[in-house]
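Encoded as structure tokens, the structure appears first; notes follow it.
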Amino acid sequence: MALKKFRPVTPSRRLYSVAEFSEITKGKAPEKSLLAKHSKSGGRNCHGRETNCNTGGGHKRRYRIVDFVRRDKLAIPAVVVSIEYDPNRSARIALLHYVDGEKRYILAPQGLTVGQKISAGPAAEIKPGNALPIKNIPTGEPIHNVELKVGCGGQLARSAGVAMELIAKEGEYALVRMPSGEMRKIFQECYATIGTLSNHEHSNIDIGKAGRSRWLGVRPHTRGIAKNPVDHAMGGRTNGGKHPCSPYGVPAKGFKTRNMKRTAKFIVRRRGKTAAAATTVV
């Protein structure tokens with residue numbers, strides 16, 4: 001995949017870039033049986049109160065039902081029919097036709113082509129698109145769509161161009177390096193898919209103009225310090241008056257919000273750290 005740029009005939013076109021979509025199967029409409037309604041929240045919660053003031057509008061989308069589990073299709077081969085664009089995620093998706101007649105979407109890794117046969121299960125080959133238990137995957141292989149709990153479906157490494165690296169195996173746990181640099185232990189019975197996800201140039205796309213953000217459902221952002229005190233915790237103050245925080249007073253910089261009580265024992269090295277944390281599984 002590459003990026004397409006334009007002649008700078010207007011100021012917004014100078015930096016404007018889009019994906020070429022060269023890997024997308026031409027003339028293929030989405031599979032109707034795998035589409036679902038996707039309602040927009042407009043930044044409101046279940047009570048109708050605005051909890052995100054920068055969300056709203058955007059182009060209409062239909063949700064593609066993607067199979068993140070693949071455990072109920074073990075040893076059943078499938079053929080890749082098309083590589084498609086999904087407006088709800090950054091990576092591409094692939095439409096599979098199983099030999100039993102069922103159709104499903106999966107996340108498409110780099111190198112997956114139309115007509116290729118893939119499968120899931122402990123005996124599957126080590127090639128992009130196949131899903132296996134981590135204990136059956138050789139160390140050093142890039143993996144994505146990795147489960148955190150057995151049978152709950154892939155939760156890690158699902159964005160465009162990312163992959164986790166399988167570092168080592170010891171006992172019933174495997175050591176993996178995440179895209180953020182964090183190293184953690186994952187149960188070897190968890191499933192993962194071989195390969196690096198497609199659309200790796202997604203992070204290099206330049207929005208180019210404000211209107212394009214509105215197409216994506218992103219409304220203009222007003223600095224909290226420019227608001228009145230009634231509208232924001234930082235409103236009505238000078239730049240040195242209060243530490244950066246959310247409209248509700250939660251610190252925004254340097255304040256850790258992640259709950260580490262349940263998962264700290266599985267993290268060997270945190271992201272951004274060069275030395276391993278002294279945390280092991282007991």
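Residues in the structure tokens are numbered from 1 in each chain, the chains being A, B, ... in the order shown, and ligands are numbered from 1 in the order shown.
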
*May I have all residues of segment 73-269 of chain A that DSSP, computed from the backbone, assigns to strand (DSSP E), given as an MDAnalysis selection string?*
chainID A and resid 78:84 93:98 103:107 117:118 131:133 142:144 146:147 154:156 164:170 173:177 183:187 191:194 267:269

Would you tabulate, counting only C-alpha atoms, all residues of segment 174-274 of chain A that have an atom at most 10 Å from an atom of segment 28-49 of chain A, showing the closest pair of atoms and their distance in Å to one decimal, sorted by chain then ascending number, as a tab-separated table?
```
residue	atom	partner	partner_atom	distance
A:Gly217	CA	A:Gly42	CA	8.4
A:Val218	CA	A:Gly42	CA	9.8
A:Arg219	CA	A:Gly42	CA	9.9
```

*A:Ala252, A:Ala192, A:Ile143, A:Ile134: which is nearest Glu170 of chain A, counting only C-alpha atoms?*
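Closest candidate: A:Ile134.
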
*Quick one: everything within 10 Å of Gly236 of chain A, counting only C-alpha atoms, minus sequence neighbours fewer than 5 positions away in the same chain. Send it as a ChimeraX atom specification.*
/A:224-231,241

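Using only C-alpha atoms, the contacts of segment 108-112 of chain A at a cut-off of 6 Å, with sequence neighbours closer than 2 positions omitted, comprise A:Arg92, A:Ile93, A:Ala94, A:Gly195, A:Thr196, A:Leu197, A:Ser198.
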
*Identify which of the residues A:Val69, A:Met178, A:Ala120, A:Cys53 lies closest to Lys149 of chain A, counting only C-alpha atoms when measuring atom-to-atom distances.*
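The closest residue to Lys149 of chain A is A:Val69.
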